[in-house]
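Right, one structure below, let's go through it.
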Amino acid sequence: MPKVAPNESSDSSEKQDKIQPLGGMSPASRMSFSAGKMLRKASIQDSTGLTLSLSAEPAAVRRSSLGLSTSMIYPQSPAERHESVKVTRAMEEKYGFNFLTNEFSINPNLEKEYQAYCTEINLNPACNSSILIWLLWIITTLIEVPKLISGNADERLTALISLLFALPVLVATPFLVMICRNKKYQHRMQVIFCILVHCCAFSLLGSGLICASQNTLQIVQRDIGGIESLATNMSAISSTFCGYVVAQYPNTYTANITGQVNVNSQNGLLVFDNVVLNTSQIFTLNNNTSFWSYPDRIGSLQNTLWYYVAGVILPIAQLNANLVRPIIILLIAPLFKLDTYYFIATAITTNLCYFIFLSLTFPVTSDQYLIRNKFYLVFVLAGLSAIMALRVRQTDRFMRLNFLHIRSAEEKVRIAQEQKEQIQNENRSLKRMLEAQTAHGKDALDLDSPMAKVITDLTKIQQSPNLDAGLQQHLNEIVTLLTKQGHNLFAPDIHEQLKMKREVDLDADTKGWATTVLASKSYQRNNNRRSSTQSDEESIQPVMMLRPEVRLPDEATLSKVNDMMKNDGWNIDIHAVAELSNGKPISYVTYVIFERHNMFSFCSVEKHTMVNFFWFIDAGYLPNPYHNNCHAADVVNYVEFMISTVDNGFFLTLLNIQEVFAAIVAAAIHDFRHPGKSNNFLVKSQHTLAVKYSDSSVLERMHLAESFFLASERDFNIFSGMKPKQYTEVRKAIIEMVLTTDLSVHLQLVGSLKAALLSQNRNDVMDSPMMLMKIIIKCADVGHSSKCTQLHARWSELIIEEFFLQGDEEKALGMEISPFMNRAFENSAKNQLGFFEFIILPFFDVVAEIVFTPGFKPILDQVHINYNLWKKAEAMQLKSIKDILDQVFNVDEHATSSMNRISFLPKQSSPSSPTASSVS
Ligand SMILES: [Zn+2]
């Protein structure tokens, strides 16, 4: 069983449960608590700041909390009295104490609990008291035993009666104590001890009122006999004795003793011979006499005296003296730990018994003093009983308050314990989940490249505190080398080496052969940072003619498009631009950008050539749902936004104008003539394009080839103003950027960014214009995932539709339908979640960390908002994109009607414009 030593809660706001410190525990003392079986040693700080020390200690210790505060039972100061009353009232209201017996009338279960608690703490003291009283009883009874062999028959009878009265206590006590010790009957403890107290009351009162009277009577009887014989034999003494008596009351005797007595009182001396000597003289005592207040009496002197002593004097004396016996009962009753109810029952029985004896044995009298005496006895006992009952009631009440206090403390501990267990359980389940997830992660796709893992491990070793300085330096170099080299780890760094070597070391032929054949160099920036400004004489361009089908962009529309680009940034509604520009969004967006960055001049681009080129690029895009000129124009805008707006145009300080030009052109052509089918489809179906480009980045190589074919025509050659070396560089940059848009190389880019992040070598990225350009075009190409929810929803719907169209064709061709492209088994939420988890999130997260600072945050935040919407859609088990748009993205038909939602899916009309191939 639990034991509790309460500690005062520091939370004073809990009025109802706030009790004075009971048991004299100091507020600072810790609560010692044992919650039985369930608790082991532990320390808990509960929410109220109650410090509980949990330990498995013996149950008996709980009693220590029951030392009651005397100030609560007998409040000494007005403040204590006030507090006592307040606390008691609060408890009474909350638990509904019965007015008389204190029972918890509102909650019977609580009462049962309290009774069990009382039994637990009171059983031992009550049993010990019982045994002690029993022993005392045995001793007092033993005094009577010799009288059993007395010569006097009356004495023997009295002793026998006395023993009979003692018998219930002597026999019942051990028996009842044994029953109480049995767990089965412990809950009846109050009844059992009440019976025991009743036995005591019966025995004590009975033997007192009957046997004690008998004993005294016997003594008086004996003594009166002695006095009589004395008076008979020693007349002188009798005369003197009687003479003295009559002399004291001359008039009374003369007046009231009538007839049969010869009285001579004339001389003031009484001749008493006749009276004394003649014992058979008859007296008549009645109520006519002023002193006789008892029933009429006729008899000899001896009889009359006997009657007076035995019938009047002795009962009064006995009853007065024996008042102490019921009082003893009332005093020993609390030793049996009776509660208020049983104490009151005991008190009533005791009072009743005493009253019955009083009524039976008290002499009938009209004497006012004796009548008052009789009532004094009744009132004294009843009054004392009432006081004792109140005392027991009050003690009981404070025991109950103490119990409630302990209970509430236990409850707090229980709650704290439960919370602790709950937290432990949660921790356990979280740990399991984590382990499961880790295990799952091991089974699932690992997006980290082997190089990233190597660099991670090396970085960990680097951070080891015991590492030797030389080794650390060595490791630094290794990590730098690995990070810089990226995926060219197994190629010699010929270019780097040649930079170091002077002309004398290697002849020009060897050097040229080494750089062109052994190690072809990818994009390399011209040494001049802003080298674009060619000398004016070199940049003079002949004015070219517009192709007959091409129109110059009109100024009004250009201005509108310019405003939209400025105001909406990466969230531009490109379909609206397409409508404004009469289906030529690339032409208009690029024109605005060329003017904005003055590329016509800086990059020596002839205006009509530029318009011709992008007009045909616009026209060359096929009307796919997603991969159309709107997507390309959107990517162009996104690239320009990233370069000139994010982080206040930070990229403009890193890239030169040719690089910006290359990025814009790459964006515009990056999906040129996209057939709306994936690389995988082309390879699988042995499409002519796959054959032509040897299955490697088929689409991307096709976009590049078709575009450069177009540009090779004189009217479309936007590179014609460039020096050959510049053109080579720009071409390389465009090629690398477009090839980067192939999703199959996406993870390589993410991996190299992660490697840079791991080696904490941000400059490796920031110093590489090609890397920056790749990052920009990748962000832009998958940029719809970072657009505002409405636009993202629209683009998602379009790409899903394009997937389904491919699926339809695969089905028609009898091919295996690609994942997520089967219209019959649509699961768009899962499809998009996979896209986010494998492609978008790893990429945008690492870009946000390594490239941009605060300016990229709104874009990243939007990515996560959109991702969470797809998660929500999956949680709602929505599969169809239509349902997802309606229920999760809340795309309202009416709200988007102004944007002409239906027109997002372009009309399946064949392009009227010439293809790049036809042009070339
Ligand atoms: Zn694209």
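Chain lettering (A, B, ...) mirrors the order of the structure tokens, residue numbering begins at 1 for each chain separately, and ligand numbering begins at 1 in order of display.
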
Just want the residues within 10 Å of ligand 1, written as a PyMOL selection string, counting only C-alpha atoms and all ligand atoms. chain A and resi 626-629+631-635+667-672+674+700+738+741-743+777-778+780-783

Taking only C-alpha atoms into account, name the residue in A:Ile329, A:Val145, A:Met766, A:Ile574 that is nearest to Cys353 (chain A).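 Ranking A:Ile329, A:Val145, A:Met766, A:Ile574 by distance to Cys353 (chain A), first place goes to A:Ile329.
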
Need the shell around His746 (chain A): protein/DNA/RNA residues with any atom at most 10 Å away, counting only C-alpha atoms. Skip same-chain ones fewer than 4 positions apart. Format as an MDAnalysis selection string? chainID A and resid 739:742 750:751 778 838:839 843

Resulting file, chosen residues, N, CA and C atoms, as a PDB file, in the first residue's frame:
```pdb
ATOM      1  N   LEU A 739      21.818  20.805 -71.544  1.00  0.00           N
ATOM      2  CA  LEU A 739      22.039  19.407 -71.154  1.00  0.00           C
ATOM      3  C   LEU A 739      21.738  19.196 -69.660  1.00  0.00           C
ATOM      4  N   THR A 740      21.959  20.239 -68.878  1.00  0.00           N
ATOM      5  CA  THR A 740      21.668  20.133 -67.436  1.00  0.00           C
ATOM      6  C   THR A 740      20.180  19.928 -67.164  1.00  0.00           C
ATOM      7  N   THR A 741      19.334  20.377 -68.102  1.00  0.00           N
ATOM      8  CA  THR A 741      17.895  20.241 -67.857  1.00  0.00           C
ATOM      9  C   THR A 741      17.427  18.786 -67.987  1.00  0.00           C
ATOM     10  N   ASP A 742      18.327  17.907 -68.471  1.00  0.00           N
ATOM     11  CA  ASP A 742      17.982  16.473 -68.486  1.00  0.00           C
ATOM     12  C   ASP A 742      17.912  15.988 -67.039  1.00  0.00           C
ATOM     13  N   VAL A 750      22.967  18.124 -57.963  1.00  0.00           N
ATOM     14  CA  VAL A 750      22.669  18.205 -56.524  1.00  0.00           C
ATOM     15  C   VAL A 750      23.852  17.666 -55.729  1.00  0.00           C
ATOM     16  N   GLY A 751      24.440  16.565 -56.224  1.00  0.00           N
ATOM     17  CA  GLY A 751      25.573  15.954 -55.530  1.00  0.00           C
ATOM     18  C   GLY A 751      26.758  16.892 -55.451  1.00  0.00           C
ATOM     19  N   LYS A 778      18.218  25.239 -63.889  1.00  0.00           N
ATOM     20  CA  LYS A 778      17.530  24.107 -63.237  1.00  0.00           C
ATOM     21  C   LYS A 778      16.379  24.603 -62.370  1.00  0.00           C
ATOM     22  N   PHE A 838      12.192  13.578 -54.460  1.00  0.00           N
ATOM     23  CA  PHE A 838      13.441  13.160 -55.108  1.00  0.00           C
ATOM     24  C   PHE A 838      14.123  14.296 -55.855  1.00  0.00           C
ATOM     25  N   ILE A 839      13.331  15.180 -56.411  1.00  0.00           N
ATOM     26  CA  ILE A 839      13.912  16.207 -57.281  1.00  0.00           C
ATOM     27  C   ILE A 839      13.917  17.579 -56.608  1.00  0.00           C
ATOM     28  N   PHE A 843      17.019  19.653 -54.094  1.00  0.00           N
ATOM     29  CA  PHE A 843      17.670  20.679 -54.901  1.00  0.00           C
ATOM     30  C   PHE A 843      17.461  22.081 -54.323  1.00  0.00           C
TER      31      PHE A 843
END
```

Compare A:His864, A:Arg596, A:Arg525, A:Arg731 by their minimum atom-to-atom distance to Asn656 (chain A), counting only C-alpha atoms, and give me the closest one.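 Using only C-alpha atoms, Asn656 (chain A) sits closest to A:Arg525.
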
Residue neighbourhood Lys584 (chain A), 7 Å, only C-alpha atoms, exclusion window fewer than 3 positions, as a ChimeraX atom specification: /A:578,581,587-588,615,618

Write to file, as a PDB file, in the first residue's frame, the residues of the selection just made, with all heavy atoms.
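Saved the output as again.pdb:
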```pdb
ATOM      1  N   ALA A 578       0.971  34.968 -72.995  1.00  0.00           N
ATOM      2  CA  ALA A 578       0.780  34.299 -74.289  1.00  0.00           C
ATOM      3  C   ALA A 578      -0.444  34.863 -75.006  1.00  0.00           C
ATOM      4  O   ALA A 578      -0.415  35.084 -76.220  1.00  0.00           O
ATOM      5  CB  ALA A 578       0.628  32.801 -74.082  1.00  0.00           C
ATOM      6  N   SER A 581       0.303  38.379 -76.249  1.00  0.00           N
ATOM      7  CA  SER A 581       1.276  38.440 -77.340  1.00  0.00           C
ATOM      8  C   SER A 581       0.843  37.630 -78.543  1.00  0.00           C
ATOM      9  O   SER A 581       1.657  37.360 -79.418  1.00  0.00           O
ATOM     10  CB  SER A 581       2.619  37.933 -76.818  1.00  0.00           C
ATOM     11  OG  SER A 581       2.464  36.588 -76.395  1.00  0.00           O
ATOM     12  N   SER A 587       8.945  35.479 -77.666  1.00  0.00           N
ATOM     13  CA  SER A 587       9.375  36.666 -78.402  1.00  0.00           C
ATOM     14  C   SER A 587       9.282  37.907 -77.529  1.00  0.00           C
ATOM     15  O   SER A 587      10.207  38.716 -77.453  1.00  0.00           O
ATOM     16  CB  SER A 587       8.505  36.857 -79.646  1.00  0.00           C
ATOM     17  OG  SER A 587       8.647  35.756 -80.503  1.00  0.00           O
ATOM     18  N   TYR A 588       8.137  38.045 -76.836  1.00  0.00           N
ATOM     19  CA  TYR A 588       7.920  39.272 -76.066  1.00  0.00           C
ATOM     20  C   TYR A 588       8.790  39.309 -74.815  1.00  0.00           C
ATOM     21  O   TYR A 588       9.388  40.331 -74.496  1.00  0.00           O
ATOM     22  CB  TYR A 588       6.431  39.429 -75.732  1.00  0.00           C
ATOM     23  CG  TYR A 588       5.668  40.068 -76.884  1.00  0.00           C
ATOM     24  CD1 TYR A 588       5.316  39.337 -78.014  1.00  0.00           C
ATOM     25  CD2 TYR A 588       5.340  41.428 -76.838  1.00  0.00           C
ATOM     26  CE1 TYR A 588       4.648  39.910 -79.077  1.00  0.00           C
ATOM     27  CE2 TYR A 588       4.673  42.025 -77.899  1.00  0.00           C
ATOM     28  CZ  TYR A 588       4.323  41.258 -79.016  1.00  0.00           C
ATOM     29  OH  TYR A 588       3.671  41.860 -80.063  1.00  0.00           O
ATOM     30  N   TRP A 615      10.937  34.518 -82.823  1.00  0.00           N
ATOM     31  CA  TRP A 615       9.631  34.275 -83.417  1.00  0.00           C
ATOM     32  C   TRP A 615       9.534  32.827 -83.879  1.00  0.00           C
ATOM     33  O   TRP A 615       8.567  32.125 -83.630  1.00  0.00           O
ATOM     34  CB  TRP A 615       9.428  35.241 -84.600  1.00  0.00           C
ATOM     35  CG  TRP A 615       8.066  35.146 -85.247  1.00  0.00           C
ATOM     36  CD1 TRP A 615       7.663  34.227 -86.173  1.00  0.00           C
ATOM     37  CD2 TRP A 615       6.940  35.985 -84.994  1.00  0.00           C
ATOM     38  NE1 TRP A 615       6.373  34.434 -86.537  1.00  0.00           N
ATOM     39  CE2 TRP A 615       5.881  35.524 -85.808  1.00  0.00           C
ATOM     40  CE3 TRP A 615       6.721  37.092 -84.177  1.00  0.00           C
ATOM     41  CZ2 TRP A 615       4.640  36.137 -85.820  1.00  0.00           C
ATOM     42  CZ3 TRP A 615       5.485  37.696 -84.209  1.00  0.00           C
ATOM     43  CH2 TRP A 615       4.455  37.210 -85.011  1.00  0.00           C
ATOM     44  N   ASP A 618       9.479  30.486 -80.888  1.00  0.00           N
ATOM     45  CA  ASP A 618       8.101  30.455 -80.397  1.00  0.00           C
ATOM     46  C   ASP A 618       7.260  29.496 -81.234  1.00  0.00           C
ATOM     47  O   ASP A 618       6.559  28.625 -80.725  1.00  0.00           O
ATOM     48  CB  ASP A 618       7.494  31.873 -80.501  1.00  0.00           C
ATOM     49  CG  ASP A 618       7.199  32.443 -79.128  1.00  0.00           C
ATOM     50  OD1 ASP A 618       6.847  31.641 -78.216  1.00  0.00           O
ATOM     51  OD2 ASP A 618       7.305  33.663 -78.944  1.00  0.00           O
TER      52      ASP A 618
END
```

Find the residue from A:Phe616, A:Ser752, A:Leu135, A:Ile865 that sits nearest to Phe709 (chain A); use only C-alpha atoms when measuring.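 Checking each candidate against Phe709 (chain A), we get A:Phe616 as the closest.
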
Suppose you want the space between CA of Phe856 (chain A) and CA of Ile881 (chain A); what is it in Å? 28.6 Å
